[in-house]
Structures are given as C-alpha cells and as structure tokens.
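Structure first, commentary second.
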Amino acid sequence: MRIQVKDFMTTSVITVKGNTSVGEIRALMSREGFHALPIVKTMPNGDVTIRGIITATDLCKIMDDILTAEQILKPGRVHVIPPNTNAQSAAKNMLKHKIHHLVVMEDGKIIGMVSSQDFVTLVANYALDTKTDTVI
C-alpha cells in the first residue's frame, strides 16, 4: 500500500491574510511552532486563493515588522497538491523545486500542509513500526 500525504500531513494549518504584518506573522509562528504560513484571500463563495507562502527563513531576511505579508510576497512559490498524492510524488515535487512545504487542498479548501519535517517523522515512524533501520 502506498502512503498518501493525507496519512501524515499536518492538518492544523494557520493562514494569514495579505494585510497581516510581518511582526504579527513572526509572533504567530513563534507561539504556534509553525515554520510556514500560507497567505490567503477568501473568495465570496468560501473558496481560498493562496497568494503565497511565508516561511521562517523569509522572516530571517526581513527586519521591518510593519511590512505586510502582501508587501513581501514572492509570487509563484506555492505548490499545491491533493490529499491523495502519494508520498514519493510529494517528496519528488519538493526536491525538484527545492522547497520545504506543500499546501494540501481539496474542494477549494486548505486541509493540510506537508513539510520536510513531516517526511523525517514519517521515515522515523516507519522504521520504528517495522522494527528495522532500513527503509526502502
């Protein structure tokens, strides 16, 4: 059986709007322990449009806490996958694009995120579950 991202993704995703300040984002990441937050715009029908993603690495490069997410947004950086994507395809996507986070969406809604940390946890748990140090 192939493992799908819905089997190990982080489901407690926090999003921010474009007018959220860098200072607020920094505090939110610190308080909640997240390393990436999608920047979103909610459409009238309730669907979410992802404008970008801001990471802890991005915040290290920005000293001005009054700037907004929209002002520091780098277009084209968000990669979205469906929840039934197999783990290997998701990992290859991350390697190909040299990214550490994928947003998982279904029916116009963000339902999770997958990070490189989630893959480390997946491999560690797999090795523990199978009582072996070899993961194929």
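If you're wondering about the labels, chains in the structure tokens are A, B, ... by order shown, residues count from 1 in each chain, ligands from 1 in order shown.
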(request) Give the strand (DSSP E) residues of chain A, as assigned by DSSP on the backbone, as an MDAnalysis selection string. (result) chainID A and resid 16:17 36:42 48:55 80:81 101:106 109:115
Would you write out those residues with C-alpha atoms, as a CSV table (one decimal), in the first residue's frame?
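Ended up saving to selection_35.csv:
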chain,number,residue,atom,x,y,z
A,16,VAL,CA,-2.8,34.8,7.2
A,17,LYS,CA,-4.3,37.5,5.1
A,36,ALA,CA,5.5,28.4,7.2
A,37,LEU,CA,2.1,30.0,6.8
A,38,PRO,CA,0.0,30.3,3.6
A,39,ILE,CA,-1.0,33.9,2.7
A,40,VAL,CA,-4.6,33.6,1.5
A,41,LYS,CA,-7.6,35.5,0.2
A,42,THR,CA,-11.0,34.1,0.8
A,48,VAL,CA,-9.5,30.1,-0.7
A,49,THR,CA,-7.0,31.5,-3.1
A,50,ILE,CA,-3.4,31.1,-2.0
A,51,ARG,CA,-1.5,34.3,-2.7
A,52,GLY,CA,1.8,32.9,-1.4
A,53,ILE,CA,3.6,31.4,1.5
A,54,ILE,CA,5.8,33.0,4.1
A,55,THR,CA,8.5,30.9,5.8
A,80,VAL,CA,-0.4,22.8,-4.0
A,81,ILE,CA,-1.2,19.1,-4.0
A,101,HIS,CA,6.4,23.0,2.2
A,102,LEU,CA,3.5,21.8,0.1
A,103,VAL,CA,-0.1,23.0,0.7
A,104,VAL,CA,-2.7,20.3,0.6
A,105,MET,CA,-6.1,21.4,-0.8
A,106,GLU,CA,-9.4,19.7,-1.5
A,109,LYS,CA,-10.1,24.5,0.9
A,110,ILE,CA,-6.7,24.1,2.6
A,111,ILE,CA,-6.9,20.9,4.5
A,112,GLY,CA,-3.2,20.5,5.5
A,113,MET,CA,0.4,21.1,4.7
A,114,VAL,CA,3.3,18.7,4.2
A,115,SER,CA,6.8,19.8,5.2
(message) Using only C-alpha atoms, which protein or nucleic acid residues come within 12 Å of Lys92 (chain A)? Drop anything in the same chain fewer than 6 positions from it, and give the result as an MDAnalysis selection string.
(response) chainID A and resid 85:86 98:100 102 116 119
(message) Counting only C-alpha atoms, which residue out of A:Thr68, A:Asp7, A:Leu28, A:Val78 sits closest to Ala56 (chain A)?
(response) A:Leu28
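Of note, CA of Phe34 (chain A) and CA of Thr57 (chain A) are spaced 11.7 Å apart.
One finds CA of Gln71 (chain A) at 29.1 Å from CA of Asp118 (chain A).
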